[in-house]
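Asks: The structure is given below, and queries will be raised subsequently.
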Amino acid sequence: MTLPLALQAAALQWRDQGRAGMVVEVQSHQGSVPREAGTRMLVAADAVLGTIGGGHLELQAIERARELLAQGQGGEQRLALGPSLGQCCGGALVLSYQPLAQSAPETWSLPAPRFLLDLYGAGHVGRAIVRLLAGIDCRVRWLDERESELPAEPLPPHITPLCSEGLPHELTATPAGAGVLILTHSHDLDLALTEAALARADLPWVGLIGSATKRARFLHRLESKGLRPEQLARLCCPIGLPGIAGKEPEVIAVAVVAQLLQLSSTGDLNGHL
């Protein structure tokens, strides 16, 4: 569990349960370091959640956190990532140690997610994509009109399942700058969702599962409905990072998630809520 939102939820749960823990946070850094300021992990006597970068640095931080936890106090520690730690990053950082009982996880500042996504469809490919997104700091609304297809078990806090009989209408609640990914069980529903998504000028990327033939047919039908060339240009079909071949749901999921990460890295998808 390394995602900031999930770590915050775990910290709140530990605190409410009265479980003793230490919040270890990267307060500041200089030079090359594994993780940036604001990165946290939770340390208990018998558990560690999150990571501040791994390696000998993290082992020392865990040992120090447990020493302070046993003493019932917090503190700070400056570490240089040189030969003494067996890490060649070359930078230095300051770690803070705060007992969870004295912390306020509900006030933690969280980094902006990498991207926002509306994912329409809970079939094999949708489920495979969600499994990968469970470990990525994003915000996802996962929608389907079939309640039986959405999982009954709890999902990570950054993925929100939603069953709705009027899926195209749900696009009115999609945040500006979000991506839209359409892979439902129905071509007619795919078409309605694609039309509604492309009609919004503030949704920069609309992904549609399917072949080049499906794309051509959809473009023809959308043109007949009056959509303009600049609107149609935002349609991505087929989906997935080029060069990754395969029709298995898991392979498609890897290609699509890689494409979403690439779009967020270039600023084509907005991660701000």
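Identifiers in the structure tokens: chain A, B, ... in order shown; residue index from 1 per chain; ligand index from 1 in order shown.
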So which residues of segment 48-269 of chain A fall under alpha helix (DSSP H) by DSSP, listed as a compact mmCIF listing (two decimals) with N, CA and C atoms, in the first residue's frame?
Replies:
```txt
# COMPACT_ATOMS: atom_id res chain seq x y z
N GLY A 55 15.51 0.21 -0.01
CA GLY A 55 16.93 0.12 0.23
C GLY A 55 17.31 0.31 1.69
N HIS A 56 18.62 0.57 1.91
CA HIS A 56 19.13 0.73 3.27
C HIS A 56 18.53 1.95 3.95
N LEU A 57 18.24 2.99 3.17
CA LEU A 57 17.59 4.19 3.71
C LEU A 57 16.31 3.80 4.44
N GLU A 58 15.47 3.02 3.79
CA GLU A 58 14.19 2.66 4.39
C GLU A 58 14.37 1.73 5.58
N LEU A 59 15.32 0.82 5.50
CA LEU A 59 15.58 -0.06 6.64
C LEU A 59 15.99 0.74 7.87
N GLN A 60 16.86 1.73 7.68
CA GLN A 60 17.28 2.57 8.81
C GLN A 60 16.10 3.37 9.35
N ALA A 61 15.26 3.89 8.44
CA ALA A 61 14.12 4.69 8.87
C ALA A 61 13.13 3.84 9.67
N ILE A 62 12.92 2.60 9.25
CA ILE A 62 12.01 1.71 9.98
C ILE A 62 12.57 1.40 11.37
N GLU A 63 13.86 1.11 11.44
CA GLU A 63 14.48 0.84 12.74
C GLU A 63 14.36 2.04 13.67
N ARG A 64 14.64 3.24 13.12
CA ARG A 64 14.55 4.45 13.94
C ARG A 64 13.11 4.70 14.37
N ALA A 65 12.16 4.48 13.47
CA ALA A 65 10.75 4.70 13.81
C ALA A 65 10.33 3.78 14.95
N ARG A 66 10.77 2.55 14.93
CA ARG A 66 10.38 1.60 15.98
C ARG A 66 11.06 1.92 17.30
N GLU A 67 12.29 2.44 17.25
CA GLU A 67 12.95 2.89 18.48
C GLU A 67 12.15 4.02 19.12
N LEU A 68 11.79 5.01 18.30
CA LEU A 68 11.04 6.15 18.82
C LEU A 68 9.64 5.73 19.27
N LEU A 69 9.05 4.79 18.56
CA LEU A 69 7.72 4.31 18.93
C LEU A 69 7.76 3.68 20.32
N ALA A 70 8.79 2.90 20.58
CA ALA A 70 8.93 2.27 21.90
C ALA A 70 9.16 3.30 23.00
N GLN A 71 9.79 4.43 22.63
CA GLN A 71 10.05 5.49 23.60
C GLN A 71 8.90 6.47 23.73
N HIS A 124 -14.32 -7.96 -19.18
CA HIS A 124 -12.99 -8.52 -18.95
C HIS A 124 -11.89 -7.46 -19.06
N VAL A 125 -11.96 -6.62 -20.10
CA VAL A 125 -10.92 -5.61 -20.28
C VAL A 125 -11.03 -4.53 -19.21
N GLY A 126 -12.24 -4.11 -18.89
CA GLY A 126 -12.42 -3.11 -17.84
C GLY A 126 -11.87 -3.58 -16.51
N ARG A 127 -12.15 -4.82 -16.17
CA ARG A 127 -11.64 -5.36 -14.90
C ARG A 127 -10.11 -5.45 -14.91
N ALA A 128 -9.53 -5.83 -16.05
CA ALA A 128 -8.07 -5.92 -16.13
C ALA A 128 -7.44 -4.54 -15.99
N ILE A 129 -8.07 -3.53 -16.57
CA ILE A 129 -7.54 -2.16 -16.45
C ILE A 129 -7.63 -1.69 -15.01
N VAL A 130 -8.74 -1.96 -14.35
CA VAL A 130 -8.90 -1.52 -12.96
C VAL A 130 -7.88 -2.20 -12.05
N ARG A 131 -7.55 -3.44 -12.33
CA ARG A 131 -6.53 -4.12 -11.51
C ARG A 131 -5.20 -3.39 -11.58
N LEU A 132 -4.85 -2.88 -12.75
CA LEU A 132 -3.60 -2.12 -12.88
C LEU A 132 -3.73 -0.74 -12.24
N LEU A 133 -4.86 -0.09 -12.43
CA LEU A 133 -5.05 1.25 -11.89
C LEU A 133 -5.12 1.25 -10.36
N LEU A 167 -26.03 5.86 -18.61
CA LEU A 167 -24.59 6.14 -18.64
C LEU A 167 -24.22 7.41 -19.43
N PRO A 168 -24.79 7.68 -20.60
CA PRO A 168 -24.41 8.92 -21.29
C PRO A 168 -24.67 10.17 -20.46
N HIS A 169 -25.72 10.16 -19.66
CA HIS A 169 -26.00 11.32 -18.80
C HIS A 169 -24.92 11.50 -17.74
N GLU A 170 -24.27 10.42 -17.33
CA GLU A 170 -23.24 10.52 -16.30
C GLU A 170 -22.06 11.37 -16.76
N HIS A 187 -22.42 -1.93 -28.71
CA HIS A 187 -21.95 -0.95 -29.68
C HIS A 187 -22.83 0.30 -29.68
N ASP A 188 -24.15 0.12 -29.50
CA ASP A 188 -25.04 1.28 -29.46
C ASP A 188 -24.72 2.16 -28.26
N LEU A 189 -24.45 1.53 -27.12
CA LEU A 189 -24.09 2.31 -25.94
C LEU A 189 -22.73 2.97 -26.12
N ASP A 190 -21.79 2.25 -26.73
CA ASP A 190 -20.49 2.84 -27.03
C ASP A 190 -20.66 4.10 -27.88
N LEU A 191 -21.53 4.02 -28.88
CA LEU A 191 -21.74 5.16 -29.77
C LEU A 191 -22.35 6.34 -29.02
N ALA A 192 -23.35 6.08 -28.18
CA ALA A 192 -23.99 7.15 -27.42
C ALA A 192 -23.00 7.81 -26.47
N LEU A 193 -22.16 7.01 -25.82
CA LEU A 193 -21.17 7.56 -24.90
C LEU A 193 -20.11 8.37 -25.66
N THR A 194 -19.68 7.84 -26.80
CA THR A 194 -18.68 8.55 -27.60
C THR A 194 -19.22 9.90 -28.07
N GLU A 195 -20.45 9.92 -28.52
CA GLU A 195 -21.05 11.18 -28.97
C GLU A 195 -21.13 12.19 -27.82
N ALA A 196 -21.58 11.72 -26.66
CA ALA A 196 -21.71 12.63 -25.51
C ALA A 196 -20.36 13.13 -25.04
N ALA A 197 -19.35 12.28 -25.07
CA ALA A 197 -18.02 12.70 -24.63
C ALA A 197 -17.39 13.69 -25.59
N LEU A 198 -17.50 13.41 -26.88
CA LEU A 198 -16.89 14.32 -27.87
C LEU A 198 -17.63 15.65 -27.94
N ALA A 212 -9.86 -0.56 -36.33
CA ALA A 212 -9.90 0.57 -37.25
C ALA A 212 -11.23 0.59 -38.00
N THR A 213 -11.80 -0.59 -38.25
CA THR A 213 -13.10 -0.65 -38.92
C THR A 213 -14.20 -0.04 -38.05
N LYS A 214 -14.18 -0.36 -36.75
CA LYS A 214 -15.15 0.23 -35.83
C LYS A 214 -14.98 1.75 -35.79
N ARG A 215 -13.74 2.22 -35.76
CA ARG A 215 -13.49 3.66 -35.76
C ARG A 215 -14.11 4.32 -37.00
N ALA A 216 -13.89 3.74 -38.18
CA ALA A 216 -14.41 4.32 -39.41
C ALA A 216 -15.94 4.37 -39.39
N ARG A 217 -16.57 3.31 -38.92
CA ARG A 217 -18.03 3.29 -38.86
C ARG A 217 -18.56 4.32 -37.88
N PHE A 218 -17.91 4.42 -36.72
CA PHE A 218 -18.35 5.39 -35.73
C PHE A 218 -18.16 6.81 -36.24
N LEU A 219 -17.02 7.09 -36.86
CA LEU A 219 -16.79 8.44 -37.37
C LEU A 219 -17.85 8.82 -38.41
N HIS A 220 -18.19 7.88 -39.28
CA HIS A 220 -19.22 8.14 -40.29
C HIS A 220 -20.55 8.48 -39.63
N ARG A 221 -20.93 7.71 -38.62
CA ARG A 221 -22.22 7.94 -37.95
C ARG A 221 -22.18 9.23 -37.15
N LEU A 222 -21.05 9.54 -36.54
CA LEU A 222 -20.95 10.78 -35.75
C LEU A 222 -20.94 12.01 -36.65
N GLU A 223 -20.32 11.89 -37.82
CA GLU A 223 -20.37 13.00 -38.78
C GLU A 223 -21.81 13.27 -39.21
N SER A 224 -22.57 12.20 -39.41
CA SER A 224 -23.97 12.37 -39.82
C SER A 224 -24.81 13.00 -38.72
N PRO A 229 -15.08 18.14 -37.34
CA PRO A 229 -13.78 17.45 -37.44
C PRO A 229 -12.92 17.62 -36.20
N GLU A 230 -12.92 18.82 -35.59
CA GLU A 230 -12.08 19.03 -34.41
C GLU A 230 -12.58 18.22 -33.21
N GLN A 231 -13.88 17.94 -33.17
CA GLN A 231 -14.41 17.07 -32.12
C GLN A 231 -14.02 15.62 -32.38
N LEU A 232 -14.16 15.18 -33.60
CA LEU A 232 -13.85 13.80 -33.96
C LEU A 232 -12.36 13.51 -33.79
N PRO A 249 -7.15 -9.59 -22.55
CA PRO A 249 -7.53 -8.45 -21.71
C PRO A 249 -6.37 -7.85 -20.93
N GLU A 250 -5.49 -8.70 -20.40
CA GLU A 250 -4.38 -8.19 -19.60
C GLU A 250 -3.37 -7.42 -20.45
N VAL A 251 -3.15 -7.87 -21.68
CA VAL A 251 -2.23 -7.17 -22.57
C VAL A 251 -2.83 -5.83 -23.00
N ILE A 252 -4.10 -5.84 -23.34
CA ILE A 252 -4.78 -4.58 -23.69
C ILE A 252 -4.70 -3.61 -22.52
N ALA A 253 -4.90 -4.13 -21.30
CA ALA A 253 -4.87 -3.27 -20.12
C ALA A 253 -3.50 -2.63 -19.94
N VAL A 254 -2.44 -3.40 -20.11
CA VAL A 254 -1.09 -2.83 -19.99
C VAL A 254 -0.88 -1.72 -21.01
N ALA A 255 -1.30 -1.96 -22.27
CA ALA A 255 -1.12 -0.97 -23.32
C ALA A 255 -1.93 0.29 -23.04
N VAL A 256 -3.14 0.14 -22.53
CA VAL A 256 -4.01 1.30 -22.27
C VAL A 256 -3.50 2.10 -21.07
N VAL A 257 -3.12 1.42 -20.00
CA VAL A 257 -2.62 2.14 -18.82
C VAL A 257 -1.32 2.86 -19.16
N ALA A 258 -0.46 2.22 -19.96
CA ALA A 258 0.77 2.90 -20.40
C ALA A 258 0.43 4.15 -21.21
N GLN A 259 -0.60 4.07 -22.04
CA GLN A 259 -1.02 5.23 -22.83
C GLN A 259 -1.54 6.35 -21.92
N LEU A 260 -2.32 6.01 -20.92
CA LEU A 260 -2.83 7.01 -19.98
C LEU A 260 -1.69 7.68 -19.22
N LEU A 261 -0.70 6.91 -18.81
CA LEU A 261 0.45 7.47 -18.11
C LEU A 261 1.24 8.40 -19.04
N GLN A 262 1.38 8.02 -20.28
CA GLN A 262 2.07 8.87 -21.25
C GLN A 262 1.31 10.18 -21.45
N LEU A 263 0.00 10.09 -21.59
CA LEU A 263 -0.81 11.31 -21.78
C LEU A 263 -0.73 12.23 -20.58
N SER A 264 -0.72 11.65 -19.37
CA SER A 264 -0.63 12.49 -18.17
C SER A 264 0.76 13.11 -18.05
N SER A 265 1.79 12.40 -18.50
CA SER A 265 3.16 12.92 -18.41
C SER A 265 3.37 14.08 -19.38
```
Asks: Using only C-alpha atoms, which protein or nucleic acid residues come within 10 Å of Glu25 of chain A? Drop anything in the same chain fewer than 4 positions from it, and give the result as a PDB file with all heavy atoms, in the first residue's frame.
Replies:
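The file below, out_13.pdb, is the result:
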```pdb
ATOM      1  N   GLU A  36      10.185  12.180  -3.145  1.00  0.00           N
ATOM      2  CA  GLU A  36      10.132  13.614  -2.942  1.00  0.00           C
ATOM      3  C   GLU A  36       9.591  13.974  -1.561  1.00  0.00           C
ATOM      4  O   GLU A  36       9.037  13.131  -0.845  1.00  0.00           O
ATOM      5  CB  GLU A  36       9.240  14.261  -4.015  1.00  0.00           C
ATOM      6  CG  GLU A  36       9.721  14.084  -5.437  1.00  0.00           C
ATOM      7  CD  GLU A  36       9.425  12.706  -5.993  1.00  0.00           C
ATOM      8  OE1 GLU A  36       8.559  12.000  -5.423  1.00  0.00           O
ATOM      9  OE2 GLU A  36      10.072  12.330  -6.985  1.00  0.00           O
ATOM     10  N   ALA A  37       9.752  15.261  -1.222  1.00  0.00           N
ATOM     11  CA  ALA A  37       9.196  15.773   0.028  1.00  0.00           C
ATOM     12  C   ALA A  37       7.687  15.541   0.050  1.00  0.00           C
ATOM     13  O   ALA A  37       6.999  15.685  -0.961  1.00  0.00           O
ATOM     14  CB  ALA A  37       9.502  17.258   0.173  1.00  0.00           C
ATOM     15  N   GLY A  38       7.183  15.168   1.219  1.00  0.00           N
ATOM     16  CA  GLY A  38       5.765  14.863   1.377  1.00  0.00           C
ATOM     17  C   GLY A  38       5.446  13.392   1.302  1.00  0.00           C
ATOM     18  O   GLY A  38       4.330  12.985   1.644  1.00  0.00           O
ATOM     19  N   THR A  39       6.407  12.573   0.868  1.00  0.00           N
ATOM     20  CA  THR A  39       6.188  11.125   0.823  1.00  0.00           C
ATOM     21  C   THR A  39       6.178  10.574   2.243  1.00  0.00           C
ATOM     22  O   THR A  39       7.024  10.917   3.061  1.00  0.00           O
ATOM     23  CB  THR A  39       7.292  10.431   0.005  1.00  0.00           C
ATOM     24  OG1 THR A  39       7.313  10.985  -1.310  1.00  0.00           O
ATOM     25  CG2 THR A  39       7.035   8.937  -0.080  1.00  0.00           C
ATOM     26  N   ARG A  40       5.220   9.679   2.539  1.00  0.00           N
ATOM     27  CA  ARG A  40       5.063   9.161   3.893  1.00  0.00           C
ATOM     28  C   ARG A  40       5.015   7.636   3.889  1.00  0.00           C
ATOM     29  O   ARG A  40       4.695   7.015   2.881  1.00  0.00           O
ATOM     30  CB  ARG A  40       3.772   9.677   4.533  1.00  0.00           C
ATOM     31  CG  ARG A  40       3.637  11.182   4.621  1.00  0.00           C
ATOM     32  CD  ARG A  40       2.296  11.552   5.240  1.00  0.00           C
ATOM     33  NE  ARG A  40       2.085  12.988   5.303  1.00  0.00           N
ATOM     34  CZ  ARG A  40       1.518  13.707   4.338  1.00  0.00           C
ATOM     35  NH1 ARG A  40       1.095  13.108   3.233  1.00  0.00           N
ATOM     36  NH2 ARG A  40       1.367  15.006   4.478  1.00  0.00           N
ATOM     37  N   MET A  41       5.300   7.086   5.064  1.00  0.00           N
ATOM     38  CA  MET A  41       4.994   5.687   5.325  1.00  0.00           C
ATOM     39  C   MET A  41       4.582   5.556   6.784  1.00  0.00           C
ATOM     40  O   MET A  41       4.896   6.418   7.616  1.00  0.00           O
ATOM     41  CB  MET A  41       6.167   4.765   4.990  1.00  0.00           C
ATOM     42  CG  MET A  41       7.372   4.863   5.864  1.00  0.00           C
ATOM     43  SD  MET A  41       8.638   3.648   5.336  1.00  0.00           S
ATOM     44  CE  MET A  41       9.928   3.990   6.538  1.00  0.00           C
ATOM     45  N   LEU A  42       3.850   4.493   7.073  1.00  0.00           N
ATOM     46  CA  LEU A  42       3.406   4.185   8.424  1.00  0.00           C
ATOM     47  C   LEU A  42       4.190   2.996   8.943  1.00  0.00           C
ATOM     48  O   LEU A  42       4.340   1.996   8.238  1.00  0.00           O
ATOM     49  CB  LEU A  42       1.913   3.836   8.434  1.00  0.00           C
ATOM     50  CG  LEU A  42       0.896   4.959   8.243  1.00  0.00           C
ATOM     51  CD1 LEU A  42      -0.507   4.366   8.158  1.00  0.00           C
ATOM     52  CD2 LEU A  42       0.971   5.951   9.380  1.00  0.00           C
ATOM     53  N   THR A  51       6.097   3.496   1.387  1.00  0.00           N
ATOM     54  CA  THR A  51       7.537   3.426   1.189  1.00  0.00           C
ATOM     55  C   THR A  51       8.097   4.825   0.979  1.00  0.00           C
ATOM     56  O   THR A  51       7.423   5.683   0.393  1.00  0.00           O
ATOM     57  CB  THR A  51       7.891   2.544  -0.024  1.00  0.00           C
ATOM     58  OG1 THR A  51       9.306   2.555  -0.231  1.00  0.00           O
ATOM     59  CG2 THR A  51       7.196   3.014  -1.288  1.00  0.00           C
ATOM     60  N   ILE A  52       9.300   5.036   1.486  1.00  0.00           N
ATOM     61  CA  ILE A  52       9.999   6.306   1.231  1.00  0.00           C
ATOM     62  C   ILE A  52      11.161   6.081   0.269  1.00  0.00           C
ATOM     63  O   ILE A  52      12.019   6.954   0.121  1.00  0.00           O
ATOM     64  CB  ILE A  52      10.494   6.969   2.529  1.00  0.00           C
ATOM     65  CG1 ILE A  52      11.419   6.010   3.294  1.00  0.00           C
ATOM     66  CG2 ILE A  52       9.319   7.425   3.388  1.00  0.00           C
ATOM     67  CD1 ILE A  52      12.161   6.681   4.448  1.00  0.00           C
ATOM     68  N   ALA A  61      15.260   3.889   8.438  1.00  0.00           N
ATOM     69  CA  ALA A  61      14.115   4.687   8.868  1.00  0.00           C
ATOM     70  C   ALA A  61      13.133   3.838   9.674  1.00  0.00           C
ATOM     71  O   ALA A  61      12.571   4.298  10.678  1.00  0.00           O
ATOM     72  CB  ALA A  61      13.421   5.300   7.654  1.00  0.00           C
ATOM     73  N   GLU A  76      13.496  14.040  14.312  1.00  0.00           N
ATOM     74  CA  GLU A  76      13.943  14.260  12.940  1.00  0.00           C
ATOM     75  C   GLU A  76      15.269  13.543  12.735  1.00  0.00           C
ATOM     76  O   GLU A  76      16.002  13.271  13.681  1.00  0.00           O
ATOM     77  CB  GLU A  76      14.107  15.744  12.625  1.00  0.00           C
ATOM     78  CG  GLU A  76      12.808  16.479  12.358  1.00  0.00           C
ATOM     79  CD  GLU A  76      13.047  17.865  11.785  1.00  0.00           C
ATOM     80  OE1 GLU A  76      14.223  18.308  11.739  1.00  0.00           O
ATOM     81  OE2 GLU A  76      12.048  18.496  11.397  1.00  0.00           O
ATOM     82  N   VAL A  94      15.849  14.916   4.875  1.00  0.00           N
ATOM     83  CA  VAL A  94      15.478  15.017   6.283  1.00  0.00           C
ATOM     84  C   VAL A  94      14.165  14.278   6.466  1.00  0.00           C
ATOM     85  O   VAL A  94      13.183  14.547   5.756  1.00  0.00           O
ATOM     86  CB  VAL A  94      15.332  16.483   6.731  1.00  0.00           C
ATOM     87  CG1 VAL A  94      14.835  16.551   8.175  1.00  0.00           C
ATOM     88  CG2 VAL A  94      16.657  17.216   6.589  1.00  0.00           C
ATOM     89  N   LEU A  95      14.149  13.334   7.402  1.00  0.00           N
ATOM     90  CA  LEU A  95      12.949  12.590   7.728  1.00  0.00           C
ATOM     91  C   LEU A  95      12.381  13.078   9.045  1.00  0.00           C
ATOM     92  O   LEU A  95      13.128  13.364   9.983  1.00  0.00           O
ATOM     93  CB  LEU A  95      13.257  11.094   7.861  1.00  0.00           C
ATOM     94  CG  LEU A  95      13.828  10.375   6.642  1.00  0.00           C
ATOM     95  CD1 LEU A  95      14.098   8.915   6.978  1.00  0.00           C
ATOM     96  CD2 LEU A  95      12.893  10.492   5.452  1.00  0.00           C
ATOM     97  N   SER A  96      11.075  13.201   9.119  1.00  0.00           N
ATOM     98  CA  SER A  96      10.411  13.497  10.383  1.00  0.00           C
ATOM     99  C   SER A  96       9.698  12.240  10.867  1.00  0.00           C
ATOM    100  O   SER A  96       9.229  11.426  10.060  1.00  0.00           O
ATOM    101  CB  SER A  96       9.406  14.644  10.230  1.00  0.00           C
ATOM    102  OG  SER A  96       8.277  14.224   9.476  1.00  0.00           O
ATOM    103  N   TYR A  97       9.635  12.100  12.176  1.00  0.00           N
ATOM    104  CA  TYR A  97       8.969  10.971  12.821  1.00  0.00           C
ATOM    105  C   TYR A  97       7.935  11.537  13.786  1.00  0.00           C
ATOM    106  O   TYR A  97       8.282  12.258  14.716  1.00  0.00           O
ATOM    107  CB  TYR A  97       9.975  10.108  13.584  1.00  0.00           C
ATOM    108  CG  TYR A  97      11.054   9.510  12.720  1.00  0.00           C
ATOM    109  CD1 TYR A  97      12.191  10.243  12.374  1.00  0.00           C
ATOM    110  CD2 TYR A  97      10.952   8.202  12.261  1.00  0.00           C
ATOM    111  CE1 TYR A  97      13.188   9.687  11.584  1.00  0.00           C
ATOM    112  CE2 TYR A  97      11.956   7.635  11.470  1.00  0.00           C
ATOM    113  CZ  TYR A  97      13.067   8.388  11.140  1.00  0.00           C
ATOM    114  OH  TYR A  97      14.060   7.829  10.352  1.00  0.00           O
ATOM    115  N   GLN A  98       6.674  11.228  13.534  1.00  0.00           N
ATOM    116  CA  GLN A  98       5.602  11.742  14.378  1.00  0.00           C
ATOM    117  C   GLN A  98       4.691  10.596  14.802  1.00  0.00           C
ATOM    118  O   GLN A  98       4.185   9.857  13.950  1.00  0.00           O
ATOM    119  CB  GLN A  98       4.777  12.803  13.651  1.00  0.00           C
ATOM    120  CG  GLN A  98       3.722  13.464  14.531  1.00  0.00           C
ATOM    121  CD  GLN A  98       2.965  14.557  13.801  1.00  0.00           C
ATOM    122  OE1 GLN A  98       2.783  14.487  12.603  1.00  0.00           O
ATOM    123  NE2 GLN A  98       2.525  15.562  14.529  1.00  0.00           N
TER     124      GLN A  98
END
```
Asks: If you measure from atom CA of Ser109 of chain A to atom CA of Arg19 of chain A, what distance in Å do you get, rounded to one decimal?
Replies: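 According to the coordinates, atom CA of Ser109 of chain A and atom CA of Arg19 of chain A are separated by 22.3 Å.
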Asks: When DSSP is applied to the backbone of this structure, which of segment 75-241 of chain A are assigned strand (DSSP E or B)? Write them out as number ranges by chain.
Replies: A: 75-80, 92-99, 116-120, 139-144, 159-163, 179-182, 205-208, 235-236
Asks: Between A:Ala201, A:Ala44, A:Ala20, A:Val140, which is the closest to Leu155 of chain A once you count only C-alpha atoms?
Replies: A:Val140
Asks: What gap, in Å, lies between atom CA of Ala6 of chain A and atom CA of Pro157 of chain A?
Replies: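 It comes out at 6.2 Å.
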Asks: Just the residues within 8 Å of Ile159 of chain A, please, counting only C-alpha atoms, with nothing from its chain fewer than 3 positions along; format it as a list in words.
Replies: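 Listing them by chain and then by number gives Ala134, Arg139, Val140, Arg141, Trp142, Leu155 and Pro156 of chain A.
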Asks: Selected residues, all heavy atoms, written as a PDB file, in the first residue's frame, please.
Replies:
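The result, stored in result_21.pdb:
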```pdb
ATOM      1  N   ALA A 134      -5.361   0.089  -9.762  1.00  0.00           N
ATOM      2  CA  ALA A 134      -5.396  -0.001  -8.301  1.00  0.00           C
ATOM      3  C   ALA A 134      -4.069   0.408  -7.683  1.00  0.00           C
ATOM      4  O   ALA A 134      -4.026   0.857  -6.532  1.00  0.00           O
ATOM      5  CB  ALA A 134      -5.767  -1.417  -7.863  1.00  0.00           C
ATOM      6  N   ARG A 139      -7.561   9.063 -10.181  1.00  0.00           N
ATOM      7  CA  ARG A 139      -8.929   9.041  -9.666  1.00  0.00           C
ATOM      8  C   ARG A 139      -9.822   8.491 -10.765  1.00  0.00           C
ATOM      9  O   ARG A 139      -9.823   9.021 -11.889  1.00  0.00           O
ATOM     10  CB  ARG A 139      -9.398  10.452  -9.255  1.00  0.00           C
ATOM     11  CG  ARG A 139      -8.570  11.108  -8.173  1.00  0.00           C
ATOM     12  CD  ARG A 139      -8.722  10.427  -6.824  1.00  0.00           C
ATOM     13  NE  ARG A 139      -7.966  11.143  -5.802  1.00  0.00           N
ATOM     14  CZ  ARG A 139      -6.685  10.923  -5.520  1.00  0.00           C
ATOM     15  NH1 ARG A 139      -6.014  10.015  -6.200  1.00  0.00           N
ATOM     16  NH2 ARG A 139      -6.072  11.613  -4.576  1.00  0.00           N
ATOM     17  N   VAL A 140     -10.561   7.453 -10.447  1.00  0.00           N
ATOM     18  CA  VAL A 140     -11.332   6.737 -11.469  1.00  0.00           C
ATOM     19  C   VAL A 140     -12.784   6.609 -11.038  1.00  0.00           C
ATOM     20  O   VAL A 140     -13.067   6.200  -9.902  1.00  0.00           O
ATOM     21  CB  VAL A 140     -10.746   5.326 -11.710  1.00  0.00           C
ATOM     22  CG1 VAL A 140     -11.531   4.602 -12.805  1.00  0.00           C
ATOM     23  CG2 VAL A 140      -9.270   5.408 -12.077  1.00  0.00           C
ATOM     24  N   ARG A 141     -13.693   6.948 -11.944  1.00  0.00           N
ATOM     25  CA  ARG A 141     -15.092   6.547 -11.816  1.00  0.00           C
ATOM     26  C   ARG A 141     -15.293   5.377 -12.768  1.00  0.00           C
ATOM     27  O   ARG A 141     -15.068   5.495 -13.966  1.00  0.00           O
ATOM     28  CB  ARG A 141     -16.035   7.692 -12.197  1.00  0.00           C
ATOM     29  CG  ARG A 141     -16.129   8.802 -11.198  1.00  0.00           C
ATOM     30  CD  ARG A 141     -17.430   9.598 -11.370  1.00  0.00           C
ATOM     31  NE  ARG A 141     -17.729   9.943 -12.754  1.00  0.00           N
ATOM     32  CZ  ARG A 141     -18.946  10.252 -13.203  1.00  0.00           C
ATOM     33  NH1 ARG A 141     -19.978  10.258 -12.390  1.00  0.00           N
ATOM     34  NH2 ARG A 141     -19.134  10.563 -14.476  1.00  0.00           N
ATOM     35  N   TRP A 142     -15.699   4.239 -12.218  1.00  0.00           N
ATOM     36  CA  TRP A 142     -15.866   3.015 -13.007  1.00  0.00           C
ATOM     37  C   TRP A 142     -17.351   2.736 -13.131  1.00  0.00           C
ATOM     38  O   TRP A 142     -18.017   2.412 -12.145  1.00  0.00           O
ATOM     39  CB  TRP A 142     -15.132   1.882 -12.311  1.00  0.00           C
ATOM     40  CG  TRP A 142     -15.056   0.603 -13.076  1.00  0.00           C
ATOM     41  CD1 TRP A 142     -15.233   0.422 -14.411  1.00  0.00           C
ATOM     42  CD2 TRP A 142     -14.761  -0.685 -12.535  1.00  0.00           C
ATOM     43  NE1 TRP A 142     -15.072  -0.905 -14.745  1.00  0.00           N
ATOM     44  CE2 TRP A 142     -14.771  -1.609 -13.620  1.00  0.00           C
ATOM     45  CE3 TRP A 142     -14.479  -1.158 -11.249  1.00  0.00           C
ATOM     46  CZ2 TRP A 142     -14.526  -2.955 -13.440  1.00  0.00           C
ATOM     47  CZ3 TRP A 142     -14.233  -2.510 -11.079  1.00  0.00           C
ATOM     48  CH2 TRP A 142     -14.252  -3.392 -12.160  1.00  0.00           C
ATOM     49  N   LEU A 155     -13.087  -1.713  -3.246  1.00  0.00           N
ATOM     50  CA  LEU A 155     -12.048  -1.262  -4.162  1.00  0.00           C
ATOM     51  C   LEU A 155     -11.156  -0.246  -3.457  1.00  0.00           C
ATOM     52  O   LEU A 155     -11.545   0.322  -2.429  1.00  0.00           O
ATOM     53  CB  LEU A 155     -12.679  -0.630  -5.401  1.00  0.00           C
ATOM     54  CG  LEU A 155     -13.414  -1.584  -6.346  1.00  0.00           C
ATOM     55  CD1 LEU A 155     -14.285  -0.802  -7.311  1.00  0.00           C
ATOM     56  CD2 LEU A 155     -12.422  -2.453  -7.100  1.00  0.00           C
ATOM     57  N   PRO A 156      -9.962   0.018  -3.981  1.00  0.00           N
ATOM     58  CA  PRO A 156      -9.128   1.081  -3.403  1.00  0.00           C
ATOM     59  C   PRO A 156      -9.887   2.403  -3.381  1.00  0.00           C
ATOM     60  O   PRO A 156     -10.775   2.639  -4.221  1.00  0.00           O
ATOM     61  CB  PRO A 156      -7.924   1.137  -4.355  1.00  0.00           C
ATOM     62  CG  PRO A 156      -7.877  -0.207  -4.997  1.00  0.00           C
ATOM     63  CD  PRO A 156      -9.309  -0.659  -5.112  1.00  0.00           C
TER      64      PRO A 156
END
```
Asks: Need the shell around segment 202-205 of chain A: protein/DNA/RNA residues with any atom at most 8 Å away, counting only C-alpha atoms. Skip same-chain ones fewer than 4 positions apart. Format as a list of chain:residue names?
Replies: A:Ala176, A:Gly177, A:Ala178, A:Gly179, A:Val180, A:Ala197, A:Leu198, A:Arg234, A:Leu235, A:Cys236, A:Asp268, A:Leu269
Asks: In Å, rounded to a single decimal, give me how far atom CA of Ala92 of chain A is from atom CA of Asp46 of chain A.
Replies: 27.8 Å
